[in-house]
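Below is one structure; the comments refer to it alone.
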Amino acid sequence: MHRYDDETERLAHAVIDYARHRLRLDPVPLDGPRSYEELLASAGETITEEGLGGDAALALFEQVLAPACISVDHPRYLSFIPAAPTEASSLFDLVVGASSIYGGSWLEGAGAVFAENQALRWIADLAGFPAEAGGVFVQGGTLGNLSALVAARHAAQARRGGARPDRWVVACGSEAHSSIDHAARVMDIDVLAVPVDDQGRLTGPELERTLALHGRNDVFAVVATGGTTNFGIVDDLAGVADVCAARGLWMHVDGAYGLAALAAPSVRPLFDGIERADSMIVDPHKWLFAPFDCCALLYREPALGKAAHTQTAGYLDVITEGGDDWNPSDYAYHLSRRARGLPFWFSLATYGTRAYREAIERTLTVSRAAADEIRSRPYVELMREPNLSVVVFRRLGWTDRQYHDWSDRLMAANFAFVTPTVHEGETVTRFAVVNPRTTVADLTAILDTMA
Ligand SMILES: *Cc1c(COP(=O)(O)O)cnc(C)c1O
């Protein structure tokens, strides 16, 4: 099993050929889910005493399993938040896998950590974070948000000399992502939901009013959203920063989707105030063209993240004794880690940051054109002017059932993946555009199917 023999050499070619073939497809197939029964009938039991052999297992993946997975990088995959990894980033994912790098410590993965940190620095600079800022790539925004809030609570408790209220509380806008609620459940803390304004934003004045009304001294952090998932709305970050500064609260910005747009000059002013945050996250696997799974978590003062997250154990002493070494494990809720920032780093290093700026601007331009197109058609109506690249709209007169049937038809025809969403009890639908290959023609063709 562990010998690089002729058989392995053949398999290497087969696997790499498969990867090359997948990367060259244009367009990629949309594909779609199959039932458990269908998959079992086609694939059978794949784990056997003798093994299937690499060729058979690869063929099974190619013919049965891969077609049962929707391609998130299809240009008409517009649901949730899609992904559109660059060729360089996908290719480098193969290299990371082949390189057996432990990405948790400087001792073991210095070269990888050095490169990951330069990629993190690019993001920190876009946000205007200070030179000492730093962090780590974690699995996803959910884990990034949790890790930041754990650090925030740890810092608050340390500032209070270890004293803690009955219940810690985190404040966020009522449109915040479900992962904030989830983090609160994991941490056994409460969430104070702040009403959003008529544009869907958490604002400084409303935050101040809600905190004053709440009255108690148990809030330790505020989560602002830099691009909500459903609408792409950016909170009033400067207003939130003012309140956090006045009240000594940790400001975390959840920008899993939207903070990629820090690189886009046309919308950069929406994020003014981000430079005053204590922590932030952005998922390169969303709008920064990296493969799953990859979230950049950054702290203004990384020492606060480290104080909360460093694990101590006898067998780890040789790592912690490294003194000033940068150990990615120390900055989030994890220990062993894949150097998952490397595909993103390789892509940034390969194409340069201008290509990123242009690709993000392109998706913004296409989104604005889609909004214009919706305004020009009598049977659809924009729910809001898009802040970023999410366009939410209603089909006048449609019931919830009609949206679902339409969405199923698009999928069944292998044409597009556009799902309904619910806003204030009303079923509507949305285009989330993060793929530079998505064209205005793609979107108008989908709108045509709603006429
Ligand atoms: C997607 C998203 C998350 C969760 O990120 P995962 O990588 O899916 O865990 C959190 N917050 C926002 C605003 C998001 O869009």
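Here's how to read the names in the structure tokens: chain A, B, ... by the order shown, residue numbers from 1 in each chain, ligand numbers from 1 in the order shown.
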
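Excluding stretch 183-186 of chain A itself and same-chain residues fewer than 3 positions from it, the residues having an atom within 8 Å of it are Thr142, Asn145, Leu146, Leu149, Val170, Ser179, Ile180, Ile189, Asp190 and Val191 of chain A, counting only C-alpha atoms.
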
Saved selection, atoms kept: N, CA and C atoms, as a compact mmCIF listing (two decimals), in the first residue's frame:
```txt
# COMPACT_ATOMS: atom_id res chain seq x y z
N THR A 142 -18.19 29.65 10.13
CA THR A 142 -18.81 29.23 11.39
C THR A 142 -17.75 29.07 12.47
N ASN A 145 -16.11 32.57 13.29
CA ASN A 145 -16.92 33.38 14.19
C ASN A 145 -16.84 32.86 15.62
N LEU A 146 -16.96 31.55 15.77
CA LEU A 146 -16.88 30.96 17.11
C LEU A 146 -15.53 31.28 17.75
N LEU A 149 -15.29 34.90 18.86
CA LEU A 149 -16.11 35.23 20.03
C LEU A 149 -15.55 34.60 21.31
N VAL A 170 -23.76 38.47 23.64
CA VAL A 170 -23.17 39.06 22.43
C VAL A 170 -24.31 39.77 21.68
N SER A 179 -24.76 31.34 12.09
CA SER A 179 -23.60 30.81 12.83
C SER A 179 -23.33 31.60 14.12
N ILE A 180 -23.85 32.82 14.21
CA ILE A 180 -23.67 33.58 15.46
C ILE A 180 -24.55 32.97 16.55
N ILE A 189 -24.00 31.20 25.83
CA ILE A 189 -24.19 32.63 26.10
C ILE A 189 -25.48 33.08 25.40
N ASP A 190 -25.90 34.29 25.66
CA ASP A 190 -27.14 34.80 25.06
C ASP A 190 -26.83 35.77 23.93
N VAL A 191 -27.81 35.91 23.05
CA VAL A 191 -27.68 36.83 21.92
C VAL A 191 -28.67 37.98 22.12
```

Pick out the residues no farther than 6 Å from ligand 1, counting only C-alpha atoms and all ligand atoms, and list them as a list of chain:residue names. A:Gly140, A:Gly141, A:Thr142, A:His177, A:Ser179, A:Thr228, A:Thr229, A:Asp254, A:Gly255, A:Ala256, A:Tyr257

Would you export the selected residues with C-alpha atoms as a compact mmCIF listing (two decimals), in the first residue's frame, please?
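Saved to part_35.txt:
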```
# COMPACT_ATOMS: atom_id res chain seq x y z
CA GLY A 140 -15.16 28.02 7.59
CA GLY A 141 -16.92 31.14 8.74
CA THR A 142 -18.81 29.23 11.39
CA HIS A 177 -25.84 34.84 10.09
CA SER A 179 -23.60 30.81 12.83
CA THR A 228 -25.31 39.53 4.91
CA THR A 229 -25.75 36.17 3.28
CA ASP A 254 -18.52 38.65 10.09
CA GLY A 255 -17.59 39.14 6.47
CA ALA A 256 -17.58 35.49 5.43
CA TYR A 257 -19.13 36.42 2.11
```

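Taking atom CA of A:Arg201 as the reference point, atom CA of A:Glu175 is found at 7.9 Å.
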
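Residue nearest A:Ser367 within the list A:Ala119, A:Leu78, A:Asp218, A:Ala127: A:Leu78 [criterion: smallest interatomic distance, only C-alpha atoms].
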
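Non-sequential neighbours of stretch 431-444 of chain A (distance at most 8 Å, separation of 3 or more positions within a chain, only C-alpha atoms) are Asp73, Pro75, Arg76, Leu78, Ser79, Phe80, Ile81, Pro82, Ala83, Ala84, Lys286, Trp287, Ala359, Ile360, Arg362, Thr363, Leu364, Val366, Ser367, Ala369, Ala370, Glu373, Ser389, Val390, Val391, Val392, Val418, Leu447 and Asp448 of chain A.
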
Go ahead and write the residues just picked, C-alpha atoms, as a JSON list (two decimals), in the first residue's frame.
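Full text of out.json as output:
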```json
[["chain", "number", "residue", "atom", "x", "y", "z"],
["A", 73, "ASP", "CA", -18.52, 26.69, -9.82],
["A", 75, "PRO", "CA", -21.81, 29.93, -13.86],
["A", 76, "ARG", "CA", -25.55, 29.47, -13.31],
["A", 78, "LEU", "CA", -26.51, 31.19, -8.02],
["A", 79, "SER", "CA", -27.90, 29.76, -4.77],
["A", 80, "PHE", "CA", -26.64, 30.23, -1.22],
["A", 81, "ILE", "CA", -23.12, 31.53, -1.79],
["A", 82, "PRO", "CA", -21.46, 29.74, -4.73],
["A", 83, "ALA", "CA", -17.72, 29.32, -5.19],
["A", 84, "ALA", "CA", -15.42, 29.78, -8.14],
["A", 286, "LYS", "CA", -16.79, 32.18, -1.15],
["A", 287, "TRP", "CA", -15.81, 35.25, -3.12],
["A", 359, "ALA", "CA", -12.56, 39.64, -10.92],
["A", 360, "ILE", "CA", -14.54, 40.93, -7.94],
["A", 362, "ARG", "CA", -16.62, 42.04, -12.69],
["A", 363, "THR", "CA", -19.09, 40.11, -10.51],
["A", 364, "LEU", "CA", -20.32, 43.43, -9.09],
["A", 366, "VAL", "CA", -22.81, 41.72, -13.63],
["A", 367, "SER", "CA", -24.94, 41.97, -10.46],
["A", 369, "ALA", "CA", -26.71, 44.72, -14.72],
["A", 370, "ALA", "CA", -28.99, 41.99, -13.37],
["A", 373, "GLU", "CA", -32.64, 43.94, -16.07],
["A", 389, "SER", "CA", -23.33, 40.92, -5.54],
["A", 390, "VAL", "CA", -26.54, 39.41, -4.15],
["A", 391, "VAL", "CA", -29.68, 40.39, -6.06],
["A", 392, "VAL", "CA", -32.97, 39.51, -4.37],
["A", 418, "VAL", "CA", -31.43, 29.04, -8.23],
["A", 447, "LEU", "CA", -35.23, 35.69, -15.88],
["A", 448, "ASP", "CA", -36.76, 34.68, -19.21]]
```

Just want the 8 Å neighbourhood of stretch 40-47 of chain A, counted on only C-alpha atoms, with same-chain residues fewer than 6 positions away dropped. Output as an NGL selection string. :A and (57 or 60 or 64-65)

Writer output for current selection, C-alpha atoms, as a short mmCIF file (atom, residue, chain, number, x, y, z; two decimals), in the first residue's frame:
```cif
data_model
loop_
_atom_site.label_atom_id
_atom_site.label_comp_id
_atom_site.auth_asym_id
_atom_site.auth_seq_id
_atom_site.Cartn_x
_atom_site.Cartn_y
_atom_site.Cartn_z
CA ALA A 57 -12.60 3.56 -7.41
CA LEU A 60 -16.86 5.03 -9.71
CA VAL A 64 -21.48 7.84 -10.30
CA LEU A 65 -20.39 9.98 -7.38
#
```

For stretch 92-95 of chain A: contacts at 12 Å, only C-alpha atoms, fewer than 6 positions along chain excluded, given as a count of residues only: 28

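Checking A:Leu410, A:Val428, A:Leu39, A:Ala261 one by one against A:Val380, counting only C-alpha atoms, you find the shortest gap at A:Val428.
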
Report as CSV: every residue of stretch 11-123 of chain A with an atom at most 10 Å from stretch 299-320 of chain A, its closest pair of atoms, and their distance in Å to one decimal, counting only C-alpha atoms, with rows sorted by chain and ascending residue number.
```
residue,atom,partner,partner_atom,distance
A:Gly104,CA,A:Ile319,CA,9.8
A:Ser105,CA,A:Ile319,CA,7.0
A:Trp106,CA,A:Ile319,CA,8.0
A:Leu107,CA,A:Ile319,CA,6.6
A:Glu108,CA,A:Ile319,CA,8.9
```

Include N, CA, C and O atoms and write out the residues we just selected as a compact mmCIF listing (two decimals), in the first residue's frame.
```txt
# COMPACT_ATOMS: atom_id res chain seq x y z
N GLY A 104 -0.14 23.27 11.74
CA GLY A 104 -0.50 23.81 13.05
C GLY A 104 0.60 24.59 13.73
O GLY A 104 0.33 25.43 14.59
N SER A 105 1.85 24.30 13.39
CA SER A 105 2.94 24.95 14.12
C SER A 105 4.03 25.44 13.17
O SER A 105 4.21 24.91 12.07
N TRP A 106 4.75 26.44 13.63
CA TRP A 106 5.89 26.96 12.88
C TRP A 106 6.98 25.89 12.80
O TRP A 106 7.58 25.68 11.75
N LEU A 107 7.20 25.20 13.91
CA LEU A 107 8.23 24.16 13.95
C LEU A 107 8.06 23.17 12.80
O LEU A 107 9.02 22.80 12.13
N GLU A 108 6.83 22.76 12.56
CA GLU A 108 6.61 21.73 11.55
C GLU A 108 6.31 22.30 10.17
O GLU A 108 6.63 21.68 9.16
```

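Residues in contact with A:Gly248 at up to 10 Å, not including ones fewer than 3 positions away on its chain and judged by only C-alpha atoms, are A:Ala156, A:Val219, A:Phe220, A:Ala221, A:Asp242, A:Val243, A:Cys244, A:Ala245, A:Met251.
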
What would the file look like if the residues just selected were written as a PDB file, in the first residue's frame with N, CA, C and O atoms?
```
ATOM      1  N   ALA A 156     -12.591  39.776  27.648  1.00  0.00           N
ATOM      2  CA  ALA A 156     -13.491  40.550  28.527  1.00  0.00           C
ATOM      3  C   ALA A 156     -13.360  40.059  29.968  1.00  0.00           C
ATOM      4  O   ALA A 156     -13.288  40.848  30.916  1.00  0.00           O
ATOM      5  N   VAL A 219     -22.704  42.418  28.251  1.00  0.00           N
ATOM      6  CA  VAL A 219     -22.385  42.302  26.830  1.00  0.00           C
ATOM      7  C   VAL A 219     -20.871  42.416  26.676  1.00  0.00           C
ATOM      8  O   VAL A 219     -20.258  43.331  27.228  1.00  0.00           O
ATOM      9  N   PHE A 220     -20.270  41.497  25.964  1.00  0.00           N
ATOM     10  CA  PHE A 220     -18.810  41.535  25.808  1.00  0.00           C
ATOM     11  C   PHE A 220     -18.391  41.814  24.368  1.00  0.00           C
ATOM     12  O   PHE A 220     -17.244  42.169  24.110  1.00  0.00           O
ATOM     13  N   ALA A 221     -19.298  41.633  23.418  1.00  0.00           N
ATOM     14  CA  ALA A 221     -18.895  41.807  22.011  1.00  0.00           C
ATOM     15  C   ALA A 221     -20.097  42.169  21.157  1.00  0.00           C
ATOM     16  O   ALA A 221     -21.245  41.865  21.510  1.00  0.00           O
ATOM     17  N   ASP A 242     -17.906  53.129  16.773  1.00  0.00           N
ATOM     18  CA  ASP A 242     -18.024  54.212  17.762  1.00  0.00           C
ATOM     19  C   ASP A 242     -18.615  53.691  19.074  1.00  0.00           C
ATOM     20  O   ASP A 242     -18.108  53.985  20.152  1.00  0.00           O
ATOM     21  N   VAL A 243     -19.684  52.928  18.961  1.00  0.00           N
ATOM     22  CA  VAL A 243     -20.356  52.416  20.165  1.00  0.00           C
ATOM     23  C   VAL A 243     -19.430  51.452  20.903  1.00  0.00           C
ATOM     24  O   VAL A 243     -19.307  51.505  22.131  1.00  0.00           O
ATOM     25  N   CYS A 244     -18.763  50.572  20.144  1.00  0.00           N
ATOM     26  CA  CYS A 244     -17.861  49.603  20.779  1.00  0.00           C
ATOM     27  C   CYS A 244     -16.720  50.323  21.504  1.00  0.00           C
ATOM     28  O   CYS A 244     -16.343  49.946  22.614  1.00  0.00           O
ATOM     29  N   ALA A 245     -16.191  51.383  20.860  1.00  0.00           N
ATOM     30  CA  ALA A 245     -15.097  52.128  21.492  1.00  0.00           C
ATOM     31  C   ALA A 245     -15.584  52.803  22.770  1.00  0.00           C
ATOM     32  O   ALA A 245     -14.928  52.738  23.816  1.00  0.00           O
ATOM     33  N   MET A 251     -15.331  44.425  18.925  1.00  0.00           N
ATOM     34  CA  MET A 251     -16.085  44.482  17.673  1.00  0.00           C
ATOM     35  C   MET A 251     -15.567  43.400  16.730  1.00  0.00           C
ATOM     36  O   MET A 251     -14.397  43.385  16.357  1.00  0.00           O
TER      37      MET A 251
END
```

Given only C-alpha atoms as the counted atoms, nearest of A:Val28, A:Val96, A:Met383, A:Val223 to A:Ala66: A:Val28

I need the residues in stretch 99-309 of chain A that are helix (DSSP H, G or I) according to DSSP; give them as a PyMOL selection string. chain A and resi 99+106-127+141-159+178-187+204-214+237-247+258-263+268-271+274-276+284-287+302-309

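Of the residues listed (A:Tyr102, A:Tyr351, A:Gln402, A:Leu388), A:Leu388 shows the shortest atom-to-atom separation from A:Thr365; distances use only C-alpha atoms.
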
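Minimum distance to A:Tyr403 across A:Cys69, A:Leu382, A:Leu25, A:Met450 (counting only C-alpha atoms) occurs at A:Met450.
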
Please identify all polymer residues within 12 Å of A:Arg384, counting only C-alpha atoms, omitting same-chain residues fewer than 6 positions from it, and present them as a VMD selection string. chain A and resid 198 to 200 230 to 233 368 371 to 372 374 to 375 390 to 394 423 428 430

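Among the candidates A:Ser89, A:Asn387, A:Ser336, A:Thr419, the one nearest to A:Val267 when counting only C-alpha atoms is A:Asn387.
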
Just the number, please: distance in Å from atom CA of A:Glu361 to atom CA of A:Pro265, one decimal. 8.0 Å

Taking the chain letters and numbering used in this document, name the residues of stretch 72-308 of chain A that DSSP puts in strand (DSSP E), as a tab-separated table (two decimals) with all heavy atoms, in the first residue's frame.
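Output contents, as saved in part_39.tsv:
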```
chain	number	residue	atom	x	y	z
A	134	GLY	N	-2.91	39.63	12.91
A	134	GLY	CA	-2.60	38.32	12.38
A	134	GLY	C	-3.70	37.34	12.74
A	134	GLY	O	-4.62	37.68	13.48
A	135	GLY	N	-3.57	36.16	12.21
A	135	GLY	CA	-4.60	35.16	12.49
A	135	GLY	C	-4.28	33.85	11.83
A	135	GLY	O	-3.12	33.44	11.75
A	136	VAL	N	-5.31	33.22	11.31
A	136	VAL	CA	-5.16	31.85	10.85
A	136	VAL	C	-6.29	31.52	9.88
A	136	VAL	O	-7.37	32.11	9.96
A	136	VAL	CB	-5.18	30.89	12.06
A	136	VAL	CG1	-6.49	30.99	12.84
A	136	VAL	CG2	-4.94	29.44	11.66
A	137	PHE	N	-6.02	30.58	8.99
A	137	PHE	CA	-7.08	30.06	8.13
A	137	PHE	C	-7.75	28.88	8.84
A	137	PHE	O	-7.06	27.92	9.19
A	137	PHE	CB	-6.51	29.59	6.79
A	137	PHE	CG	-6.07	30.72	5.90
A	137	PHE	CD1	-4.71	31.05	5.79
A	137	PHE	CD2	-7.00	31.45	5.16
A	137	PHE	CE1	-4.30	32.09	4.96
A	137	PHE	CE2	-6.59	32.49	4.33
A	137	PHE	CZ	-5.24	32.80	4.23
A	138	VAL	N	-9.04	28.98	9.02
A	138	VAL	CA	-9.79	27.89	9.65
A	138	VAL	C	-10.75	27.31	8.62
A	138	VAL	O	-10.81	27.74	7.47
A	138	VAL	CB	-10.53	28.35	10.92
A	138	VAL	CG1	-9.53	28.81	11.97
A	138	VAL	CG2	-11.54	29.45	10.62
A	169	VAL	N	-23.29	38.00	27.11
A	169	VAL	CA	-24.20	38.33	26.01
A	169	VAL	C	-23.39	38.90	24.84
A	169	VAL	O	-22.48	39.71	25.04
A	169	VAL	CB	-25.25	39.38	26.46
A	169	VAL	CG1	-26.14	39.79	25.30
A	169	VAL	CG2	-26.09	38.82	27.62
A	170	VAL	N	-23.76	38.47	23.64
A	170	VAL	CA	-23.17	39.06	22.43
A	170	VAL	C	-24.31	39.77	21.68
A	170	VAL	O	-25.42	39.24	21.57
A	170	VAL	CB	-22.49	37.99	21.55
A	170	VAL	CG1	-23.46	36.91	21.10
A	170	VAL	CG2	-21.83	38.63	20.33
A	171	ALA	N	-24.03	40.98	21.21
A	171	ALA	CA	-25.04	41.73	20.46
A	171	ALA	C	-24.75	41.62	18.97
A	171	ALA	O	-23.58	41.60	18.55
A	171	ALA	CB	-25.03	43.20	20.89
A	172	CYS	N	-25.81	41.54	18.17
A	172	CYS	CA	-25.62	41.54	16.72
A	172	CYS	C	-26.90	42.04	16.06
A	172	CYS	O	-27.95	42.11	16.70
A	172	CYS	CB	-25.26	40.15	16.20
A	172	CYS	SG	-26.52	38.91	16.49
A	173	GLY	N	-26.81	42.39	14.81
A	173	GLY	CA	-27.99	42.81	14.07
A	173	GLY	C	-28.93	41.63	13.88
A	173	GLY	O	-28.49	40.47	13.84
A	190	ASP	N	-25.90	34.29	25.66
A	190	ASP	CA	-27.14	34.80	25.06
A	190	ASP	C	-26.83	35.77	23.93
A	190	ASP	O	-25.75	36.38	23.88
A	190	ASP	CB	-28.00	35.49	26.12
A	190	ASP	CG	-28.53	34.49	27.14
A	190	ASP	OD1	-28.72	33.32	26.78
A	190	ASP	OD2	-28.69	34.88	28.32
A	191	VAL	N	-27.81	35.91	23.05
A	191	VAL	CA	-27.68	36.83	21.92
A	191	VAL	C	-28.67	37.98	22.12
A	191	VAL	O	-29.84	37.76	22.41
A	191	VAL	CB	-27.99	36.12	20.59
A	191	VAL	CG1	-28.01	37.13	19.42
A	191	VAL	CG2	-26.98	35.02	20.31
A	192	LEU	N	-28.17	39.20	22.00
A	192	LEU	CA	-29.02	40.38	22.03
A	192	LEU	C	-29.18	40.85	20.59
A	192	LEU	O	-28.23	41.34	19.98
A	192	LEU	CB	-28.37	41.47	22.89
A	192	LEU	CG	-29.11	42.80	23.03
A	192	LEU	CD1	-30.44	42.60	23.75
A	192	LEU	CD2	-28.23	43.80	23.80
A	193	ALA	N	-30.38	40.64	20.03
A	193	ALA	CA	-30.60	40.99	18.62
A	193	ALA	C	-31.00	42.46	18.53
A	193	ALA	O	-31.93	42.91	19.20
A	193	ALA	CB	-31.67	40.11	18.02
A	194	VAL	N	-30.28	43.20	17.72
A	194	VAL	CA	-30.54	44.63	17.57
A	194	VAL	C	-31.34	44.83	16.28
A	194	VAL	O	-30.95	44.33	15.23
A	194	VAL	CB	-29.20	45.41	17.47
A	194	VAL	CG1	-29.45	46.90	17.34
A	194	VAL	CG2	-28.30	45.08	18.66
A	219	VAL	N	-22.70	42.42	28.25
A	219	VAL	CA	-22.39	42.30	26.83
A	219	VAL	C	-20.87	42.42	26.68
A	219	VAL	O	-20.26	43.33	27.23
A	219	VAL	CB	-23.09	43.40	26.01
A	219	VAL	CG1	-22.69	43.32	24.53
A	219	VAL	CG2	-24.61	43.30	26.16
A	220	PHE	N	-20.27	41.50	25.96
A	220	PHE	CA	-18.81	41.54	25.81
A	220	PHE	C	-18.39	41.81	24.37
A	220	PHE	O	-17.24	42.17	24.11
A	220	PHE	CB	-18.15	40.23	26.30
A	220	PHE	CG	-18.49	39.03	25.44
A	220	PHE	CD1	-17.63	38.63	24.42
A	220	PHE	CD2	-19.65	38.30	25.65
A	220	PHE	CE1	-17.93	37.53	23.62
A	220	PHE	CE2	-19.96	37.20	24.86
A	220	PHE	CZ	-19.10	36.81	23.84
A	221	ALA	N	-19.30	41.63	23.42
A	221	ALA	CA	-18.90	41.81	22.01
A	221	ALA	C	-20.10	42.17	21.16
A	221	ALA	O	-21.24	41.87	21.51
A	221	ALA	CB	-18.27	40.52	21.47
A	222	VAL	N	-19.79	42.81	20.05
A	222	VAL	CA	-20.81	43.11	19.04
A	222	VAL	C	-20.34	42.49	17.73
A	222	VAL	O	-19.17	42.64	17.35
A	222	VAL	CB	-20.98	44.64	18.86
A	222	VAL	CG1	-22.00	44.93	17.76
A	222	VAL	CG2	-21.38	45.30	20.18
A	223	VAL	N	-21.25	41.79	17.08
A	223	VAL	CA	-20.93	41.25	15.75
A	223	VAL	C	-21.65	42.10	14.71
A	223	VAL	O	-22.88	42.19	14.70
A	223	VAL	CB	-21.39	39.78	15.60
A	223	VAL	CG1	-21.09	39.29	14.18
A	223	VAL	CG2	-20.71	38.90	16.63
A	224	ALA	N	-20.88	42.72	13.85
A	224	ALA	CA	-21.44	43.42	12.70
A	224	ALA	C	-21.23	42.53	11.48
A	224	ALA	O	-20.29	41.73	11.45
A	224	ALA	CB	-20.74	44.76	12.50
A	225	THR	N	-22.08	42.66	10.50
A	225	THR	CA	-21.96	41.82	9.32
A	225	THR	C	-21.48	42.65	8.13
A	225	THR	O	-22.05	43.71	7.84
A	225	THR	CB	-23.32	41.16	8.99
A	225	THR	OG1	-23.77	40.47	10.16
A	225	THR	CG2	-23.18	40.16	7.85
A	250	TRP	N	-15.74	44.46	22.38
A	250	TRP	CA	-15.01	43.84	21.26
A	250	TRP	C	-15.91	43.94	20.02
A	250	TRP	O	-17.08	43.56	20.05
A	250	TRP	CB	-14.74	42.38	21.61
A	250	TRP	CG	-13.99	41.59	20.59
A	250	TRP	CD1	-14.42	41.22	19.35
A	250	TRP	CD2	-12.69	41.01	20.74
A	250	TRP	NE1	-13.46	40.45	18.72
A	250	TRP	CE2	-12.39	40.31	19.55
A	250	TRP	CE3	-11.73	41.02	21.78
A	250	TRP	CZ2	-11.19	39.61	19.37
A	250	TRP	CZ3	-10.54	40.32	21.59
A	250	TRP	CH2	-10.27	39.63	20.40
A	251	MET	N	-15.33	44.43	18.92
A	251	MET	CA	-16.08	44.48	17.67
A	251	MET	C	-15.57	43.40	16.73
A	251	MET	O	-14.40	43.38	16.36
A	251	MET	CB	-15.92	45.85	17.02
A	251	MET	CG	-16.55	45.95	15.64
A	251	MET	SD	-16.39	47.64	15.01
A	251	MET	CE	-16.94	47.45	13.31
A	252	HIS	N	-16.47	42.50	16.37
A	252	HIS	CA	-16.14	41.44	15.41
A	252	HIS	C	-16.94	41.69	14.14
A	252	HIS	O	-18.13	41.99	14.21
A	252	HIS	CB	-16.48	40.07	15.98
A	252	HIS	CG	-16.30	38.94	15.00
A	252	HIS	ND1	-15.07	38.59	14.49
A	252	HIS	CD2	-17.21	38.10	14.42
A	252	HIS	CE1	-15.23	37.58	13.64
A	252	HIS	NE2	-16.51	37.27	13.57
A	253	VAL	N	-16.29	41.57	13.00
A	253	VAL	CA	-17.01	41.72	11.73
A	253	VAL	C	-17.07	40.36	11.02
A	253	VAL	O	-16.04	39.78	10.69
A	253	VAL	CB	-16.36	42.77	10.81
A	253	VAL	CG1	-17.14	42.87	9.50
A	253	VAL	CG2	-16.32	44.13	11.50
A	254	ASP	N	-18.30	39.88	10.85
A	254	ASP	CA	-18.52	38.65	10.09
A	254	ASP	C	-18.66	39.04	8.62
A	254	ASP	O	-19.71	39.51	8.19
A	254	ASP	CB	-19.79	37.95	10.60
A	254	ASP	CG	-20.14	36.73	9.76
A	254	ASP	OD1	-19.37	36.40	8.83
A	254	ASP	OD2	-21.19	36.11	10.02
A	279	SER	N	-11.65	41.97	15.44
A	279	SER	CA	-11.45	40.72	14.69
A	279	SER	C	-12.39	40.73	13.50
A	279	SER	O	-13.38	41.47	13.49
A	279	SER	CB	-11.72	39.49	15.58
A	279	SER	OG	-13.04	39.55	16.12
A	280	MET	N	-12.05	39.91	12.53
A	280	MET	CA	-12.93	39.79	11.36
A	280	MET	C	-12.67	38.46	10.70
A	280	MET	O	-11.63	37.83	10.89
A	280	MET	CB	-12.67	40.93	10.37
A	280	MET	CG	-11.29	40.89	9.78
A	280	MET	SD	-11.11	42.25	8.58
A	280	MET	CE	-9.44	41.98	8.04
A	281	ILE	N	-13.65	38.03	9.92
A	281	ILE	CA	-13.46	36.82	9.11
A	281	ILE	C	-13.91	37.08	7.68
A	281	ILE	O	-14.80	37.91	7.42
A	281	ILE	CB	-14.25	35.61	9.63
A	281	ILE	CG1	-15.76	35.86	9.58
A	281	ILE	CG2	-13.81	35.19	11.01
A	281	ILE	CD1	-16.58	34.61	9.39
A	282	VAL	N	-13.26	36.38	6.76
A	282	VAL	CA	-13.73	36.32	5.37
A	282	VAL	C	-13.38	34.94	4.83
A	282	VAL	O	-12.31	34.40	5.12
A	282	VAL	CB	-13.13	37.46	4.50
A	282	VAL	CG1	-11.62	37.47	4.56
A	282	VAL	CG2	-13.60	37.34	3.05
A	295	CYS	N	-11.42	29.75	5.61
A	295	CYS	CA	-11.87	31.01	6.19
A	295	CYS	C	-10.67	31.71	6.80
A	295	CYS	O	-9.92	31.11	7.55
A	295	CYS	CB	-12.90	30.74	7.29
A	295	CYS	SG	-13.23	32.17	8.37
A	296	ALA	N	-10.49	32.98	6.46
A	296	ALA	CA	-9.42	33.77	7.07
A	296	ALA	C	-9.97	34.45	8.32
A	296	ALA	O	-10.95	35.20	8.24
A	296	ALA	CB	-8.91	34.81	6.08
A	297	LEU	N	-9.34	34.19	9.44
A	297	LEU	CA	-9.70	34.82	10.72
A	297	LEU	C	-8.56	35.73	11.12
A	297	LEU	O	-7.41	35.30	11.20
A	297	LEU	CB	-9.92	33.73	11.79
A	297	LEU	CG	-9.90	34.15	13.25
A	297	LEU	CD1	-11.03	35.12	13.59
A	297	LEU	CD2	-10.01	32.90	14.14
A	298	LEU	N	-8.86	37.01	11.35
A	298	LEU	CA	-7.82	37.98	11.70
A	298	LEU	C	-8.16	38.69	12.99
A	298	LEU	O	-9.31	39.09	13.22
A	298	LEU	CB	-7.67	39.01	10.58
A	298	LEU	CG	-6.83	38.54	9.39
A	298	LEU	CD1	-7.16	39.34	8.14
A	298	LEU	CD2	-5.34	38.64	9.70
A	299	TYR	N	-7.15	38.86	13.81
A	299	TYR	CA	-7.28	39.61	15.06
A	299	TYR	C	-6.44	40.87	14.98
A	299	TYR	O	-5.30	40.82	14.48
A	299	TYR	CB	-6.72	38.81	16.25
A	299	TYR	CG	-7.39	37.50	16.53
A	299	TYR	CD1	-6.85	36.31	16.05
A	299	TYR	CD2	-8.55	37.43	17.30
A	299	TYR	CE1	-7.45	35.09	16.32
A	299	TYR	CE2	-9.15	36.22	17.59
A	299	TYR	CZ	-8.59	35.05	17.09
A	299	TYR	OH	-9.17	33.83	17.37
```
